[in-house]
Structure formats: C-alpha cells, structure tokens
Amino acid sequence: MRVLGIDPGTMILGYGVIEGRGDIITLVGYDVIKCRSRLPMGERLHFLYLNLCRVIEEYQPDVIAIETPFVAENARTALIIGKAQAIALLAAAASHIPAFEYSPAAIKYNATSYGASSKEQVQEMVRLQLDIKDEFLPADSADALATAICHLRQDHMNNIAGGK
C-alpha cells in the first residue's frame with residue numbers, strides 16, 4: 001500500500017510518501033510545498049491545492065493520511081490549519097483516493113510508541129524507521145511521514161482485528 005502523509009499548513013505543507021508491504025516500510029519521497037507569505041489566504045489555498053494535486057498525480061498513492069489540527073494549543077491557529085486540512089481532503093476527493101485523519105497524539109504514538117513525543121523525537125524516529133540519511137529532514141516532512149506511518153500501523157491493526 002502506498003500512503004501519502006500530509007502535515008497541513010497554509011504557509012508550509014509537508015508531505016511524505018511511503019510504501020508498506022507487510023512489516024516492511026519503504027521511503028518513496030518527501031518534500032514541502034511553500035507559499036509566499038504575502039499571498040492572500042484564498043490564493044495560498046489555491047496554490048496548495050494545485051501543488052498537492054501534482055504530488056498526488058506524481059506519486060499515485062492508494063490512500064492519503066492527514067494530520068488533524070491540535071485545538072488546545074491555539075484555536076485561531078487550529079482554524080487556519082483546518083483550511084489546509086480541508087484542501088488536502090478536497091485534493092484526495094478530487095483524485096478519488098480515500099483519506100484518513102489522525103490526531104497528533106495518535107501519530108506520535110504510532111511513530112514513537114509515546115503519544116507525547118517531542119517534534120525532535122518524532123523526526124528522529126521517522127529518520128531511523130525509514131533509514132533517511134539526509135541531514136536535513138524538514139520537520140513538516142517528518143510529521144507527514146509520521147502520519148503515513150500511523151496510517152499503515154492503524155491499517156495493519158484493523159486488518160488483524162478484522163481477521164484479514
């Protein structure tokens with residue numbers, strides 16, 4: 001199964017693609033989509049949508065996993081991130097690809113076995129699990145890859161629980 005993980009943001013949207021076959025997870029690619037800060041919100045969202053559709057076309061994922069915003073930190077920030085999350089859901093629907101949403105705690109738990117891990121711990125565990133040698137793994141890409149890992153692990157558990 002090929003999973004596109006997305007860490008939504010209206011300035012920087014991180015993405016990462018992994019392939020899961022049984023217990024083996026392979027890195028396919030990762031990057032970020034950056035918007036110019038002076039663009040009005042509508043233009044930023046349009047830019048994100050077009051570029052995310054290009055990523056989907058390039059990598060041809062089977063599913064898309066999206067991190068949901070954490071509301072307790074700052075409601076205003078969560079609402080803004082929610083706009084980028086909606087763009088990711090729209091791009092998935094337009095491409096007829098199922099999308100799944102995961103909380104930050106679930107993502108951290110599935111990536112590191114600890115739901116309150118720091119960003120640095122998530123980044124390092126993603127680097128280790130996917131054998132990433134690149135010295136500079138953007139935090140947004142690491143979060144997106146962790147989201148994809150979360151989906152593979154949740155899907156695996158659902159298959160076990162469902163008797164598949």
# chains A, B, ... in the order shown; residues from 1 in each chain; ligands from 1
>>> closest_atom_pairs(of="region 6-94 of chain A", to="region 138-146 of chain A", cutoff="8 Å", atoms="only C-alpha atoms", output="JSON lines")
{"residue": "A:Ile6", "atom": "CA", "partner": "A:Ala144", "partner_atom": "CA", "distance": 4.5}
{"residue": "A:Asp7", "atom": "CA", "partner": "A:Ala144", "partner_atom": "CA", "distance": 4.7}
{"residue": "A:Ile12", "atom": "CA", "partner": "A:Asp140", "partner_atom": "CA", "distance": 7.5}
{"residue": "A:Leu13", "atom": "CA", "partner": "A:Asp140", "partner_atom": "CA", "distance": 6.8}
{"residue": "A:Gly14", "atom": "CA", "partner": "A:Asp140", "partner_atom": "CA", "distance": 4.5}
{"residue": "A:Tyr15", "atom": "CA", "partner": "A:Ala144", "partner_atom": "CA", "distance": 4.9}
{"residue": "A:Gly16", "atom": "CA", "partner": "A:Leu145", "partner_atom": "CA", "distance": 4.7}
{"residue": "A:Val17", "atom": "CA", "partner": "A:Leu145", "partner_atom": "CA", "distance": 6.7}
{"residue": "A:Ile18", "atom": "CA", "partner": "A:Leu145", "partner_atom": "CA", "distance": 7.3}
{"residue": "A:Tyr30", "atom": "CA", "partner": "A:Ser141", "partner_atom": "CA", "distance": 6.0}
{"residue": "A:Asp31", "atom": "CA", "partner": "A:Ser141", "partner_atom": "CA", "distance": 5.8}
{"residue": "A:Val32", "atom": "CA", "partner": "A:Ser141", "partner_atom": "CA", "distance": 6.3}
{"residue": "A:Ile66", "atom": "CA", "partner": "A:Ala144", "partner_atom": "CA", "distance": 7.7}
{"residue": "A:Glu67", "atom": "CA", "partner": "A:Ala144", "partner_atom": "CA", "distance": 7.6}
>>> select_by_dssp(residues="region 7-137 of chain A", states="alpha helix (DSSP H)", output="ChimeraX atom specification")
/A:41-59,75-94,104-112,119-129
>>> select_by_dssp(residues="chain A", states="strand (DSSP E or B)", output="ChimeraX atom specification")
/A:2-7,12-21,24-34,63-67,99-102
>>> write_last_selection(atoms="N, CA and C atoms", output="compact mmCIF listing (two decimals), in the first residue's frame")
# COMPACT_ATOMS: atom_id res chain seq x y z
N ARG A 2 0.59 2.16 -0.87
CA ARG A 2 1.33 3.42 -0.94
C ARG A 2 0.51 4.49 -0.22
N VAL A 3 1.13 5.16 0.74
CA VAL A 3 0.45 6.15 1.57
C VAL A 3 1.12 7.51 1.41
N LEU A 4 0.31 8.51 1.13
CA LEU A 4 0.76 9.90 1.12
C LEU A 4 0.34 10.51 2.45
N GLY A 5 1.31 10.88 3.27
CA GLY A 5 1.04 11.55 4.53
C GLY A 5 1.14 13.05 4.34
N ILE A 6 0.26 13.78 5.01
CA ILE A 6 0.23 15.24 4.87
C ILE A 6 0.21 15.90 6.23
N ASP A 7 1.12 16.85 6.42
CA ASP A 7 1.14 17.72 7.58
C ASP A 7 0.66 19.08 7.09
N ILE A 12 3.45 26.38 4.96
CA ILE A 12 4.25 25.22 4.58
C ILE A 12 3.42 23.97 4.81
N LEU A 13 3.25 23.20 3.75
CA LEU A 13 2.53 21.94 3.83
C LEU A 13 3.56 20.84 3.58
N GLY A 14 3.75 19.99 4.58
CA GLY A 14 4.70 18.89 4.43
C GLY A 14 4.02 17.67 3.89
N TYR A 15 4.75 16.92 3.06
CA TYR A 15 4.20 15.65 2.58
C TYR A 15 5.30 14.60 2.56
N GLY A 16 4.86 13.35 2.68
CA GLY A 16 5.79 12.23 2.63
C GLY A 16 5.06 11.01 2.10
N VAL A 17 5.75 10.23 1.31
CA VAL A 17 5.16 9.06 0.69
C VAL A 17 5.96 7.83 1.10
N ILE A 18 5.24 6.82 1.58
CA ILE A 18 5.87 5.55 1.95
C ILE A 18 5.10 4.41 1.31
N GLU A 19 5.79 3.29 1.22
CA GLU A 19 5.19 2.07 0.68
C GLU A 19 5.26 1.03 1.79
N GLY A 20 4.14 0.38 2.07
CA GLY A 20 4.11 -0.65 3.10
C GLY A 20 3.76 -2.00 2.51
N ARG A 21 4.61 -2.98 2.77
CA ARG A 21 4.37 -4.36 2.34
C ARG A 21 4.64 -5.25 3.54
N ILE A 24 7.33 -4.38 6.28
CA ILE A 24 8.40 -3.57 5.68
C ILE A 24 7.82 -2.26 5.17
N ILE A 25 8.44 -1.16 5.64
CA ILE A 25 8.05 0.18 5.20
C ILE A 25 9.22 0.78 4.45
N THR A 26 8.94 1.29 3.25
CA THR A 26 9.98 1.87 2.40
C THR A 26 9.65 3.33 2.10
N LEU A 27 10.65 4.17 2.18
CA LEU A 27 10.50 5.58 1.83
C LEU A 27 10.41 5.72 0.31
N VAL A 28 9.45 6.49 -0.15
CA VAL A 28 9.31 6.77 -1.58
C VAL A 28 9.77 8.20 -1.87
N GLY A 29 9.34 9.16 -1.05
CA GLY A 29 9.75 10.54 -1.24
C GLY A 29 9.13 11.46 -0.21
N TYR A 30 9.66 12.67 -0.13
CA TYR A 30 9.11 13.68 0.78
C TYR A 30 9.58 15.05 0.35
N ASP A 31 8.85 16.06 0.77
CA ASP A 31 9.21 17.45 0.49
C ASP A 31 8.20 18.35 1.20
N VAL A 32 8.28 19.62 0.92
CA VAL A 32 7.31 20.58 1.43
C VAL A 32 6.82 21.45 0.27
N ILE A 33 5.60 21.94 0.42
CA ILE A 33 5.06 22.93 -0.51
C ILE A 33 5.03 24.23 0.26
N LYS A 34 5.78 25.23 -0.22
CA LYS A 34 5.88 26.52 0.48
C LYS A 34 5.12 27.59 -0.28
N VAL A 63 -3.84 5.63 -0.59
CA VAL A 63 -4.59 6.36 0.44
C VAL A 63 -3.82 7.61 0.84
N ILE A 64 -4.54 8.52 1.46
CA ILE A 64 -3.93 9.76 1.96
C ILE A 64 -4.24 9.85 3.45
N ALA A 65 -3.21 10.11 4.24
CA ALA A 65 -3.35 10.26 5.69
C ALA A 65 -3.03 11.71 6.05
N ILE A 66 -3.92 12.33 6.80
CA ILE A 66 -3.80 13.76 7.10
C ILE A 66 -3.82 13.98 8.60
N GLU A 67 -2.88 14.80 9.08
CA GLU A 67 -2.87 15.16 10.49
C GLU A 67 -3.96 16.19 10.75
N ALA A 99 -9.24 9.20 2.09
CA ALA A 99 -8.45 10.00 3.02
C ALA A 99 -8.81 9.62 4.45
N PHE A 100 -7.80 9.60 5.31
CA PHE A 100 -7.98 9.28 6.72
C PHE A 100 -7.32 10.38 7.53
N GLU A 101 -7.94 10.72 8.66
CA GLU A 101 -7.43 11.79 9.51
C GLU A 101 -6.99 11.21 10.85
N TYR A 102 -5.85 11.72 11.36
CA TYR A 102 -5.29 11.23 12.61
C TYR A 102 -4.89 12.40 13.49
>>> residues_around(residues="region 73-81 of chain A", least_positions_apart="2", cutoff="12 Å", atoms="only C-alpha atoms", output="ChimeraX atom specification")
/A:6-13,41-42,44-45,66-71,83-88,104
>>> write_last_selection(atoms="C-alpha atoms", output="PDB file, in the first residue's frame")
ATOM      1  CA  ILE A   6       0.229  15.239   4.865  1.00  0.00           C
ATOM      2  CA  ASP A   7       1.138  17.722   7.584  1.00  0.00           C
ATOM      3  CA  PRO A   8      -1.203  20.603   6.685  1.00  0.00           C
ATOM      4  CA  GLY A   9      -0.212  24.233   6.913  1.00  0.00           C
ATOM      5  CA  THR A  10      -1.158  27.344   4.975  1.00  0.00           C
ATOM      6  CA  MET A  11       2.437  28.572   4.710  1.00  0.00           C
ATOM      7  CA  ILE A  12       4.254  25.224   4.580  1.00  0.00           C
ATOM      8  CA  LEU A  13       2.533  21.938   3.834  1.00  0.00           C
ATOM      9  CA  MET A  41      -5.391  33.250   2.008  1.00  0.00           C
ATOM     10  CA  GLY A  42      -7.550  32.310  -0.980  1.00  0.00           C
ATOM     11  CA  ARG A  44      -2.451  30.355  -0.836  1.00  0.00           C
ATOM     12  CA  LEU A  45      -5.146  27.688  -0.600  1.00  0.00           C
ATOM     13  CA  ILE A  66      -3.799  13.763   7.099  1.00  0.00           C
ATOM     14  CA  GLU A  67      -2.874  15.157  10.491  1.00  0.00           C
ATOM     15  CA  THR A  68      -5.744  16.963  12.224  1.00  0.00           C
ATOM     16  CA  PRO A  69      -5.031  20.277  13.962  1.00  0.00           C
ATOM     17  CA  PHE A  70      -4.481  20.289  17.717  1.00  0.00           C
ATOM     18  CA  VAL A  71      -7.096  22.729  19.034  1.00  0.00           C
ATOM     19  CA  LYS A  83      -8.213  25.315   5.981  1.00  0.00           C
ATOM     20  CA  ALA A  84      -5.113  23.486   4.715  1.00  0.00           C
ATOM     21  CA  GLN A  85      -6.555  20.222   6.049  1.00  0.00           C
ATOM     22  CA  ALA A  86      -9.718  20.876   4.018  1.00  0.00           C
ATOM     23  CA  ILE A  87      -7.594  21.467   0.907  1.00  0.00           C
ATOM     24  CA  ALA A  88      -5.893  18.090   1.461  1.00  0.00           C
ATOM     25  CA  PRO A 104      -1.230  14.437  16.655  1.00  0.00           C
TER      26      PRO A 104
END
>>> atom_distance(atom1="CA of Leu128 (chain A)", atom2="CA of Asp155 (chain A)")
21.1 Å
>>> closest_residue(among="A:Cys150, A:Ile56, A:Met1, A:Ile97", to="Thr112 (chain A)", atoms="only C-alpha atoms")
A:Cys150
>>> closest_residue(among="A:Ala111, A:Lys133, A:Leu90, A:Ala116", to="His46 (chain A)", atoms="only C-alpha atoms")
A:Leu90
>>> closest_residue(among="A:Asp134, A:Ala92, A:Ala148, A:Arg38", to="Gln60 (chain A)", atoms="only C-alpha atoms")
A:Ala92
>>> atom_distance(atom1="CA of Pro61 (chain A)", atom2="CA of Val126 (chain A)")
19.2 Å
